[in-house]
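Data from input.txt: compact mmCIF, C-alpha atoms and all ligand atoms
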# COMPACT_ATOMS: atom_id res chain seq x y z
CA MET A 12 118.72 111.86 142.56
CA THR A 13 116.83 114.77 144.13
CA MET A 14 113.10 115.32 143.76
CA THR A 15 113.74 118.27 141.42
CA GLU A 16 116.04 116.24 139.21
CA GLU A 17 113.50 113.45 139.10
CA ALA A 18 110.79 115.91 138.13
CA GLY A 19 113.14 117.43 135.53
CA VAL A 20 113.74 114.05 133.90
CA ALA A 21 110.05 113.23 133.86
CA ASP A 22 109.18 116.63 132.37
CA ALA A 23 111.81 116.59 129.61
CA PRO A 24 110.04 116.31 126.28
CA VAL A 25 110.43 112.93 124.66
CA HIS A 26 113.50 112.69 122.42
CA TYR A 27 113.87 110.10 119.65
CA ASN A 28 116.97 109.54 117.50
CA PRO A 29 117.13 106.10 115.84
CA TYR A 30 120.90 106.41 115.28
CA GLU A 31 121.68 106.40 119.01
CA TYR A 32 123.13 103.14 120.32
CA SER A 33 120.89 103.36 123.40
CA MET A 34 117.90 103.15 121.05
CA HIS A 35 119.32 99.94 119.56
CA GLU A 36 119.56 98.51 123.07
CA ASP A 37 115.88 99.17 123.89
CA PRO A 38 113.62 101.54 121.92
CA TYR A 39 110.37 100.43 123.57
CA PRO A 40 110.18 102.86 126.54
CA THR A 41 110.72 105.73 124.07
CA TYR A 42 108.06 104.37 121.70
CA SER A 43 105.62 104.23 124.60
CA ARG A 44 106.27 107.90 125.40
CA LEU A 45 105.98 108.86 121.72
CA ARG A 46 102.57 107.17 121.42
CA ASP A 47 101.27 108.93 124.53
CA GLU A 48 103.02 112.31 124.45
CA ALA A 49 103.91 112.99 120.83
CA PRO A 50 101.93 110.76 118.44
CA LEU A 51 103.16 113.04 115.66
CA TYR A 52 106.78 113.59 116.67
CA ARG A 53 109.17 116.06 115.04
CA ASN A 54 112.98 115.82 115.14
CA ASP A 55 114.31 119.14 113.78
CA ASP A 56 118.00 118.14 113.92
CA LEU A 57 117.55 115.10 111.70
CA GLY A 58 114.63 116.58 109.77
CA PHE A 59 111.97 113.91 110.17
CA TRP A 60 108.50 113.32 111.59
CA ALA A 61 107.49 110.03 113.23
CA LEU A 62 104.17 108.23 113.65
CA SER A 63 104.09 105.69 116.44
CA ARG A 64 100.44 104.64 117.05
CA HIS A 65 99.13 101.51 115.35
CA ALA A 66 96.20 103.39 113.75
CA ASP A 67 98.48 106.09 112.30
CA VAL A 68 101.17 103.67 111.09
CA SER A 69 98.58 101.45 109.33
CA ALA A 70 96.83 104.48 107.82
CA GLY A 71 100.20 105.85 106.66
CA PHE A 72 101.00 102.55 104.90
CA ARG A 73 97.59 102.55 103.17
CA ASP A 74 97.68 106.22 102.13
CA SER A 75 100.20 105.89 99.31
CA ALA A 76 98.68 108.93 97.57
CA ARG A 77 100.07 111.22 100.28
CA PHE A 78 102.84 109.09 101.86
CA SER A 79 105.13 108.22 98.97
CA ASN A 80 107.88 105.58 98.61
CA SER A 81 109.48 107.50 95.72
CA HIS A 82 112.50 108.64 97.79
CA GLY A 83 113.11 105.21 99.30
CA VAL A 84 112.18 103.93 102.75
CA SER A 85 115.38 104.74 104.64
CA LEU A 86 116.16 107.68 106.89
CA ASP A 87 119.78 107.64 105.66
CA LYS A 88 120.36 110.57 103.32
CA ALA A 89 122.71 108.61 101.02
CA ALA A 90 120.00 105.97 100.49
CA SER A 91 117.22 108.54 99.97
CA GLY A 92 116.10 110.64 97.06
CA PRO A 93 114.63 110.21 93.60
CA HIS A 94 117.32 107.62 92.66
CA ALA A 95 116.63 105.27 95.58
CA ASP A 96 115.04 102.80 93.15
CA ARG A 97 118.51 101.96 91.76
CA THR A 98 119.21 99.89 94.85
CA MET A 99 115.74 99.48 96.33
CA SER A 100 113.92 98.70 93.13
CA PHE A 101 110.11 98.89 93.29
CA LEU A 102 110.16 99.33 97.06
CA ALA A 103 111.23 102.89 96.17
CA MET A 104 108.52 103.49 93.55
CA ASP A 105 104.89 104.63 93.56
CA ALA A 106 102.10 103.49 91.23
CA PRO A 107 102.02 103.05 88.28
CA ARG A 108 105.78 102.18 88.06
CA HIS A 109 105.51 100.11 91.23
CA THR A 110 102.47 98.21 89.98
CA ARG A 111 104.15 97.33 86.67
CA MET A 112 107.37 96.11 88.21
CA ARG A 113 105.84 94.22 91.12
CA ALA A 114 103.58 92.42 88.64
CA LEU A 115 106.53 91.46 86.41
CA VAL A 116 108.62 90.26 89.37
CA SER A 117 105.65 88.29 90.70
CA ARG A 118 105.66 86.31 87.44
CA GLY A 119 109.03 84.86 88.52
CA PHE A 120 108.79 85.05 92.33
CA THR A 121 105.64 82.95 92.62
CA PRO A 122 104.05 81.40 95.74
CA ARG A 123 104.78 78.02 94.18
CA ARG A 124 108.50 78.80 93.90
CA VAL A 125 108.47 79.58 97.64
CA VAL A 126 106.56 76.43 98.62
CA GLU A 127 108.97 74.35 96.55
CA MET A 128 111.87 75.71 98.62
CA GLU A 129 110.74 73.96 101.81
CA ASP A 130 112.84 70.81 101.42
CA ARG A 131 115.90 72.81 100.44
CA ILE A 132 115.40 75.12 103.43
CA ARG A 133 115.28 72.07 105.72
CA ALA A 134 118.43 70.59 104.16
CA LEU A 135 120.28 73.91 104.45
CA THR A 136 119.12 74.30 108.07
CA LEU A 137 120.43 70.86 109.00
CA GLU A 138 123.75 71.51 107.28
CA HIS A 139 124.40 74.28 109.81
CA LEU A 140 122.43 72.89 112.74
CA GLU A 141 123.92 69.41 113.04
CA PRO A 142 127.55 70.45 113.62
CA ALA A 143 126.37 73.26 115.93
CA LEU A 144 124.33 70.86 118.09
CA GLU A 145 127.21 68.42 118.18
CA ALA A 146 129.46 71.18 119.52
CA GLY A 147 126.86 71.96 122.21
CA SER A 148 127.78 75.66 122.30
CA PHE A 149 127.67 77.90 119.26
CA ASP A 150 126.95 81.42 118.03
CA PHE A 151 123.29 81.41 117.01
CA ILE A 152 124.00 84.16 114.44
CA GLY A 153 127.43 83.20 113.08
CA ASP A 154 126.75 79.47 112.91
CA LEU A 155 123.07 79.34 111.97
CA ALA A 156 120.76 82.36 111.67
CA GLY A 157 123.30 84.50 109.84
CA ARG A 158 123.83 81.80 107.23
CA LEU A 159 120.46 80.30 106.45
CA PRO A 160 118.65 83.31 104.86
CA MET A 161 121.61 84.12 102.62
CA ASP A 162 121.81 80.45 101.57
CA VAL A 163 118.09 80.43 100.79
CA ILE A 164 118.13 83.66 98.76
CA SER A 165 121.34 82.55 97.04
CA GLU A 166 119.76 79.26 95.97
CA LEU A 167 116.65 81.09 94.88
CA ILE A 168 118.49 83.56 92.66
CA GLY A 169 121.34 81.21 91.68
CA VAL A 170 124.45 82.47 93.55
CA PRO A 171 127.02 79.65 93.69
CA ARG A 172 128.15 78.35 97.08
CA GLN A 173 131.70 79.72 96.91
CA ASP A 174 130.45 83.34 96.55
CA ARG A 175 127.93 83.32 99.41
CA GLU A 176 130.26 84.23 102.28
CA GLU A 177 131.50 87.31 100.41
CA LEU A 178 127.96 88.38 99.52
CA ARG A 179 126.92 88.09 103.14
CA ARG A 180 129.90 90.23 104.20
CA LEU A 181 128.88 92.91 101.68
CA ALA A 182 125.24 92.80 102.78
CA ASP A 183 126.30 93.24 106.42
CA LEU A 184 128.44 96.25 105.49
CA LEU A 185 125.45 97.83 103.76
CA VAL A 186 123.39 98.07 106.95
CA HIS A 187 126.12 98.62 109.57
CA ARG A 188 126.37 102.11 111.15
CA GLU A 189 129.22 103.49 113.27
CA GLU A 190 128.10 105.29 116.43
CA GLY A 191 127.65 109.01 115.77
CA VAL A 192 127.58 108.62 111.96
CA GLU A 193 124.10 109.48 110.79
CA ASP A 194 124.35 108.24 107.20
CA VAL A 195 125.70 105.40 105.02
CA PRO A 196 129.48 105.14 105.72
CA PRO A 197 131.97 104.86 102.79
CA SER A 198 132.38 101.11 103.44
CA GLY A 199 128.62 100.71 102.91
CA ILE A 200 128.73 102.63 99.63
CA GLU A 201 131.70 100.56 98.40
CA ALA A 202 129.86 97.37 99.31
CA ALA A 203 126.85 98.58 97.30
CA PHE A 204 129.02 99.04 94.21
CA SER A 205 130.61 95.60 94.63
CA LEU A 206 127.20 93.94 94.96
CA ALA A 207 125.81 95.76 91.91
CA GLY A 208 128.84 94.66 89.84
CA TYR A 209 128.43 91.05 90.97
CA TYR A 210 124.77 90.96 89.92
CA ALA A 211 125.46 92.60 86.57
CA ASP A 212 127.93 89.77 85.80
CA MET A 213 125.43 87.15 86.97
CA ILE A 214 122.70 88.55 84.71
CA ALA A 215 125.01 88.57 81.68
CA GLU A 216 125.82 84.93 82.43
CA ARG A 217 122.10 83.98 82.66
CA ARG A 218 121.29 85.78 79.42
CA ALA A 219 123.94 83.63 77.74
CA ARG A 220 122.99 80.39 79.55
CA PRO A 221 119.52 80.43 81.20
CA THR A 222 118.92 78.11 84.19
CA ASP A 223 115.81 77.34 86.28
CA ASP A 224 116.62 79.90 89.00
CA LEU A 225 114.71 83.09 89.83
CA THR A 226 117.19 85.33 87.98
CA SER A 227 116.51 83.48 84.72
CA ALA A 228 112.76 83.56 85.43
CA LEU A 229 112.93 87.35 85.92
CA LEU A 230 114.79 87.81 82.65
CA GLU A 231 112.07 85.82 80.89
CA ALA A 232 109.08 87.40 82.72
CA GLU A 233 106.76 89.20 80.32
CA ILE A 234 103.41 90.97 80.48
CA ASP A 235 101.96 92.10 77.12
CA GLY A 236 105.42 92.29 75.57
CA ASP A 237 106.81 94.30 78.50
CA ARG A 238 109.97 92.89 80.16
CA LEU A 239 112.42 93.84 82.90
CA THR A 240 115.68 95.47 81.82
CA ASP A 241 119.06 94.27 83.16
CA ASP A 242 119.25 97.31 85.45
CA GLU A 243 115.79 96.53 86.82
CA VAL A 244 116.73 92.93 87.53
CA THR A 245 119.97 94.09 89.23
CA ALA A 246 118.04 96.51 91.44
CA PHE A 247 115.59 93.76 92.39
CA LEU A 248 118.35 91.27 93.29
CA PHE A 249 119.85 94.02 95.41
CA LEU A 250 116.56 94.53 97.19
CA MET A 251 116.25 90.79 97.88
CA VAL A 252 119.57 90.74 99.73
CA VAL A 253 118.88 93.89 101.70
CA ALA A 254 115.21 93.19 102.42
CA GLY A 255 115.33 89.44 102.84
CA ASN A 256 118.65 88.62 104.45
CA GLU A 257 119.21 90.71 107.56
CA THR A 258 115.55 90.79 108.49
CA THR A 259 115.16 87.02 108.52
CA THR A 260 118.46 86.47 110.39
CA LYS A 261 117.24 88.85 113.05
CA LEU A 262 113.80 87.24 113.24
CA LEU A 263 115.33 83.82 113.98
CA ALA A 264 117.67 85.12 116.67
CA ASN A 265 115.01 87.35 118.25
CA ALA A 266 112.77 84.26 118.54
CA TRP A 267 115.59 82.33 120.21
CA TYR A 268 116.45 85.18 122.56
CA TRP A 269 112.94 86.16 123.70
CA ALA A 270 111.86 82.57 124.27
CA TRP A 271 114.94 82.13 126.47
CA ARG A 272 114.01 85.32 128.37
CA ASN A 273 110.51 83.87 128.93
CA PRO A 274 111.04 80.25 130.10
CA ASP A 275 107.35 79.32 130.35
CA GLN A 276 106.81 80.42 126.73
CA CYS A 277 109.98 78.60 125.68
CA ALA A 278 108.85 75.33 127.30
CA TRP A 279 105.46 75.60 125.59
CA ALA A 280 107.06 76.21 122.17
CA LEU A 281 109.68 73.46 122.47
CA ASP A 282 107.09 70.98 123.82
CA GLY A 283 105.21 71.45 120.55
CA ALA A 284 107.72 68.98 119.08
CA VAL A 285 106.79 66.39 121.73
CA VAL A 286 103.00 66.77 121.55
CA HIS A 287 103.05 67.14 117.73
CA ASP A 288 101.53 70.62 117.68
CA PRO A 289 103.21 72.52 114.81
CA ALA A 290 100.93 75.53 115.42
CA ARG A 291 103.09 76.37 118.46
CA ILE A 292 106.04 77.09 116.20
CA ASP A 293 103.90 79.40 114.05
CA ALA A 294 102.78 81.18 117.22
CA TRP A 295 106.44 81.56 118.25
CA VAL A 296 107.27 83.15 114.90
CA GLU A 297 104.26 85.49 114.88
CA GLU A 298 104.67 86.71 118.45
CA THR A 299 108.37 87.39 117.81
CA LEU A 300 107.45 89.37 114.70
CA ARG A 301 105.07 91.45 116.82
CA TYR A 302 107.12 91.77 119.99
CA ASP A 303 110.51 92.66 118.55
CA THR A 304 110.47 92.94 114.78
CA SER A 305 113.66 93.17 112.77
CA SER A 306 112.49 96.02 110.53
CA GLN A 307 111.63 98.77 113.02
CA MET A 308 110.60 101.59 110.69
CA LEU A 309 109.88 102.57 107.10
CA ALA A 310 110.24 106.11 105.79
CA ARG A 311 107.91 107.95 103.45
CA ILE A 312 107.92 111.40 101.85
CA THR A 313 104.77 113.54 101.87
CA LEU A 314 103.42 114.50 98.44
CA GLU A 315 101.12 117.14 99.92
CA GLU A 316 100.42 118.81 103.28
CA VAL A 317 99.08 116.38 105.88
CA GLU A 318 97.10 117.49 108.97
CA LEU A 319 97.51 115.14 111.92
CA HIS A 320 97.13 115.47 115.67
CA GLY A 321 96.64 119.23 115.35
CA ARG A 322 99.83 119.86 113.38
CA THR A 323 100.67 120.21 109.70
CA ILE A 324 103.36 118.16 107.97
CA PRO A 325 104.47 120.20 104.93
CA ALA A 326 104.71 118.58 101.48
CA GLY A 327 108.12 117.04 100.73
CA ASP A 328 108.97 116.09 104.35
CA ARG A 329 110.28 112.75 105.67
CA VAL A 330 107.85 110.76 107.83
CA LEU A 331 108.85 107.57 109.68
CA LEU A 332 106.27 104.84 110.20
CA LEU A 333 107.41 103.19 113.44
CA VAL A 334 106.38 99.58 112.93
CA GLY A 335 108.14 98.45 116.12
CA SER A 336 106.04 100.90 118.10
CA ALA A 337 102.72 100.09 116.36
CA ASN A 338 103.21 96.43 117.31
CA ARG A 339 103.41 97.43 121.00
CA ASP A 340 100.42 99.79 120.98
CA PRO A 341 98.15 98.87 123.91
CA ARG A 342 95.20 100.30 121.94
CA VAL A 343 95.44 97.12 119.80
CA PHE A 344 97.47 94.57 121.77
CA PRO A 345 96.50 94.11 125.44
CA ALA A 346 99.55 94.05 127.79
CA PRO A 347 101.77 94.68 124.77
CA ASP A 348 105.08 94.35 126.63
CA ARG A 349 104.34 90.74 127.53
CA TYR A 350 105.86 88.10 125.22
CA ASP A 351 102.88 85.78 124.99
CA LEU A 352 102.77 83.10 122.30
CA ARG A 353 99.05 82.50 122.85
CA ARG A 354 97.89 86.02 122.02
CA ASP A 355 96.10 87.25 118.88
CA THR A 356 98.83 88.65 116.59
CA SER A 357 96.67 89.15 113.50
CA GLN A 358 97.06 92.95 113.62
CA LEU A 359 100.85 93.02 113.51
CA VAL A 360 102.32 95.38 110.90
CA SER A 361 105.82 93.89 110.67
CA PHE A 362 105.53 93.19 106.93
CA GLY A 363 103.88 96.52 106.14
CA VAL A 364 100.33 97.01 104.87
CA GLY A 365 98.83 97.65 101.43
CA ARG A 366 100.51 97.78 98.04
CA HIS A 367 104.11 97.46 99.35
CA PHE A 368 103.25 94.53 101.64
CA CYS A 369 106.42 92.43 101.93
CA LEU A 370 106.80 90.22 98.88
CA GLY A 371 108.94 87.79 100.86
CA ALA A 372 106.66 87.43 103.91
CA SER A 373 105.71 83.82 103.14
CA LEU A 374 109.37 82.93 102.48
CA ALA A 375 110.49 84.56 105.75
CA ARG A 376 107.74 82.73 107.67
CA LEU A 377 108.63 79.43 106.00
CA GLU A 378 112.33 79.79 106.83
CA ALA A 379 111.55 80.64 110.45
CA ARG A 380 109.05 77.78 110.77
CA VAL A 381 111.42 75.18 109.29
CA CYS A 382 114.45 76.33 111.29
CA LEU A 383 112.63 76.60 114.65
CA THR A 384 110.82 73.28 114.04
CA GLU A 385 114.13 71.49 113.48
CA LEU A 386 115.55 73.15 116.59
CA ALA A 387 112.55 72.21 118.76
CA ALA A 388 112.74 68.61 117.54
CA ARG A 389 116.34 68.34 118.77
CA VAL A 390 116.67 70.72 121.71
CA GLU A 391 115.17 70.15 125.14
CA GLY A 392 116.40 73.37 126.66
CA TYR A 393 119.07 76.02 126.07
CA GLY A 394 120.88 78.97 127.55
CA VAL A 395 121.99 82.28 126.08
CA ASP A 396 125.04 84.26 127.19
CA ALA A 397 123.31 87.63 127.29
CA GLU A 398 126.45 89.37 128.61
CA ALA A 399 128.48 88.29 125.60
CA ALA A 400 125.72 88.90 123.02
CA THR A 401 126.14 91.99 120.82
CA ARG A 402 123.59 94.01 118.88
CA VAL A 403 123.72 95.12 115.27
CA HIS A 404 123.83 98.92 114.95
CA SER A 405 121.55 99.93 112.16
CA VAL A 406 119.03 102.71 111.85
CA ASN A 407 116.11 100.35 111.21
CA VAL A 408 117.22 96.70 111.46
CA ARG A 409 116.95 95.49 115.04
CA GLY A 410 118.58 92.35 116.38
CA PHE A 411 121.79 90.59 117.35
CA ALA A 412 125.19 90.56 115.65
CA THR A 413 126.30 87.68 117.91
CA LEU A 414 124.22 85.48 120.23
CA PRO A 415 126.23 82.78 122.05
CA THR A 416 124.07 79.85 123.08
CA THR A 417 124.46 76.45 124.79
CA VAL A 418 121.97 73.70 124.01
CA GLU A 419 120.75 70.60 125.79
CA VAL A 420 120.08 68.07 123.07
CA ARG A 421 117.04 65.72 123.36
CA ARG A 422 117.91 62.09 123.89
C1 LIG B 501 111.34 88.81 108.93
C2 LIG B 501 111.64 89.07 107.70
C3 LIG B 501 111.13 90.25 106.94
C4 LIG B 501 110.57 91.41 107.38
C5 LIG B 501 110.31 91.85 108.82
C6 LIG B 501 110.23 92.20 106.20
C7 LIG B 501 109.61 93.44 106.24
C8 LIG B 501 109.18 94.14 105.12
C9 LIG B 501 108.39 95.35 105.15
C10 LIG B 501 107.94 96.06 106.42
C11 LIG B 501 108.16 95.73 103.87
C12 LIG B 501 107.31 96.94 103.41
C13 LIG B 501 108.18 98.12 103.18
C14 LIG B 501 107.39 99.39 102.94
O1 LIG B 501 106.16 99.41 102.95
O2 LIG B 501 108.04 100.43 102.75
C15 LIG B 501 108.80 94.78 103.02
C16 LIG B 501 108.82 94.84 101.65
C17 LIG B 501 109.49 93.94 100.86
N1 LIG B 501 110.13 92.78 101.27
FE1 LIG B 501 110.28 92.09 103.16
N2 LIG B 501 110.61 91.52 105.08
C18 LIG B 501 111.16 90.31 105.48
C19 LIG B 501 111.64 89.32 104.67
C20 LIG B 501 111.71 89.40 103.31
C21 LIG B 501 112.25 88.36 102.44
C22 LIG B 501 112.77 87.00 102.91
C23 LIG B 501 112.19 88.85 101.16
C24 LIG B 501 112.57 88.24 99.84
C25 LIG B 501 113.09 87.11 99.64
C26 LIG B 501 111.60 90.18 101.22
C27 LIG B 501 111.35 90.97 100.13
C28 LIG B 501 110.65 92.16 100.16
C29 LIG B 501 110.35 92.95 98.98
C30 LIG B 501 110.74 92.60 97.55
C31 LIG B 501 109.63 94.08 99.42
C32 LIG B 501 109.10 95.22 98.55
C33 LIG B 501 107.63 95.06 98.25
C34 LIG B 501 107.05 96.26 97.50
O3 LIG B 501 107.58 97.37 97.58
O4 LIG B 501 106.04 96.06 96.80
N3 LIG B 501 111.32 90.47 102.52
N4 LIG B 501 109.40 93.79 103.80

Re-express the file's structure as structure tokens.
Ligand code: HEM
Amino acid sequence: MTMTEEAGVADAPVHYNPYEYSMHEDPYPTYSRLRDEAPLYRNDDLGFWALSRHADVSAGFRDSARFSNSHGVSLDKAASGPHADRTMSFLAMDAPRHTRMRALVSRGFTPRRVVEMEDRIRALTLEHLEPALEAGSFDFIGDLAGRLPMDVISELIGVPRQDREELRRLADLLVHREEGVEDVPPSGIEAAFSLAGYYADMIAERRARPTDDLTSALLEAEIDGDRLTDDEVTAFLFLMVVAGNETTTKLLANAWYWAWRNPDQCAWALDGAVVHDPARIDAWVEETLRYDTSSQMLARITLEEVELHGRTIPAGDRVLLLVGSANRDPRVFPAPDRYDLRRDTSQLVSFGVGRHFCLGASLARLEARVCLTELAARVEGYGVDAEAATRVHSVNVRGFATLPTTVEVRR
């Protein structure tokens, strides 16, 4: 490369398109440029703005009066608009509708229900883990991380075992994107209809014969005579699969991958099982959430003009809050590109901030803690076949589709 070409590359204005496969490979150099060169970035072709600094992303989450969820949180056009709440439930609502529905759902989806899942999560983990460890080599996604979250949500909402594989297939289709297609493909839309139909049947069944699962609890939830309708429960179950399944799968595999990439950190985390220090597993989970989070961005729509960094975002425009970038902002996290399990992660924004703060955060953390604890108790060391690993191609979910691994079991 000549000097002029080098200068040309360095001078080219930063370009950011979250549909590009190169961005799925590694978005972090682009995020760094966005934070420094274009903290309020505009992409005219795709029609969005993006905020990348920690301070702006957190402020955007808190400012629900101007940054609205009412058109959904996705950049995909087919998943956006005033009807986004049909599949994204209260995630795609503003107050007071959001407040009402989150309160009703919280009557069924209680912290106690989550805590009570711990033993089941451990049993489900071991069901997948034991044969995988016996084999010695396995696909971390296909054999473990891709199964556990769906099993957990399925048990929570009452999906029988024989239907889980099909539900997972449909959920995967919902988030998959072909290269060059900047919207939800027809297979994703079909999968959405199939899922909605499945839940409608399940709700009818629970109305006829209530059980002790979350679906029955949601049908019974009541505040001052107000209850959820069948359509509202369907939309919520939909949201659980989309919001709670992929994200947790990716969290588990990202933890496995980044620890392997950083052997000193890996040794420290795995040794936690030997020195009886469970806090090391929590640190492993939190640093992975910060360093490479599975939910990279959330979209908003402006309800009025917003002045920021010397520019004006008009009312009615799409704004992306780049969570993955905020978590790597050196203004908040010193040496942000270092994967360091002993750092302070308290400012991470991976679960959002404010009134839409992830309802499943404690469940996701519990699943990750249980699964990684069981792994650390049994595995002394491991390898990853990075050449053979493949990434999922989604506009906002970041992580692996396959992650072949070979483990050295503790004796
Ligand atoms: C690592 C795993 C997870 C990550 C990174 C994650 C991330 C997020 C984020 C960033 C939001 C806020 C969205 C916004 O402000 O627009 C959110 C909301 C939500 N998440 Fe999660 N999530 C995870 C796991 C889960 C799980 C396991 C569940 C349920 C079982 C869940 C259920 C929800 C729900 C219901 C909302 C909507 C809350 C509201 O709008 O009030 N999430 N999640």

**Report entry** One-decimal distance in Å that lies between CA of Val116 in chain A and CA of Ser361 in chain A
**Finding:** 21.8 Å

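Nearest-residue note for ligand LIG 501 (chain B): choosing from A:Pro221, A:Pro93, A:Gly365, A:Gly255, the minimum distance belongs to A:Gly255, counting all atoms listed in the file.
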
Report task. Dump the neighbourhood of ligand LIG 501 (chain B) as a VMD selection string: all residues within 6 Å, distances computed on only C-alpha atoms and all ligand atoms. Result -> chain A and resid 84 101 to 102 113 251 254 to 255 258 to 259 262 305 to 306 309 361 to 363 366 to 372 374 to 375

**Report entry** Closest of A:Thr417, A:Asp355, A:Val403, A:Ala106 to Ser33 in chain A - atom-to-atom distances counting only C-alpha atoms
**Finding:** A:Val403

Query raised in the report: Looking at A:Arg380, A:Arg353, A:Arg272, A:Arg342, which one is nearest to Ser63 in chain A, with distances taken over all atoms listed in the file?
Result: A:Arg342

Report summary line: Between A:His287, A:Lys261, A:Arg218, A:Arg329, smallest distance to Thr299 in chain A by all atoms listed in the file belongs to A:Lys261

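The closest residue to Met161 in chain A, picked from A:Ala207, A:Leu140, A:Ala232, A:Val253 and counting only C-alpha atoms, is A:Val253.
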
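With distances restricted to all atoms listed in the file, A:Phe120 is the closest residue to Asp224 in chain A from A:Tyr32, A:Phe120, A:Phe411, A:Tyr393.
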
Requested in this report: Name the residues, using the chain letters and numbers of the file, that sit within 9 Å of (108.5, 112.5, 106.6) when counting only C-alpha atoms, and give them as a PyMOL selection string.
Outcome: chain A and resi 58-61+78+310-313+324-332

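With all atoms listed in the file taken into account, the protein and nucleic acid residues at most 9 Å from range 123-128 of chain A (excluding it and anything under 3 positions from it in its own chain) are Gly119, Phe120, Arg131, Ile132, Arg133, Val163, Leu167, Leu225, Gly371, Ser373, Leu374 and Leu377 of chain A.
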
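Near Asn80 in chain A, within a cut-off of 6 Å and counting only C-alpha atoms, sit the residues Ala103, Met104, Asp105 and Arg311 of chain A, with same-chain residues fewer than 4 positions away left out.
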
Written selection (C-alpha atoms) as a PDB file, in the frame of the given file:
ATOM      1  CA  ALA A 103     111.230 102.890  96.170  1.00  0.00           C
ATOM      2  CA  MET A 104     108.520 103.490  93.550  1.00  0.00           C
ATOM      3  CA  ASP A 105     104.890 104.630  93.560  1.00  0.00           C
ATOM      4  CA  ARG A 311     107.910 107.950 103.450  1.00  0.00           C
TER       5      ARG A 311
END

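Across the model, the gap from CA of Thr245 in chain A to CA of Arg220 in chain A is 17.0 Å.
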
Please determine an axis-aligned box that encloses all atoms of range 93-111 of chain A listed in the file, with 8 Å added on each side, and express its centre and edge lengths in Å to one decimal as AutoDock Vina command-line options.
--center_x 110.6 --center_y 103.8 --center_z 91.9 --size_x 33.2 --size_y 28.9 --size_z 26.4
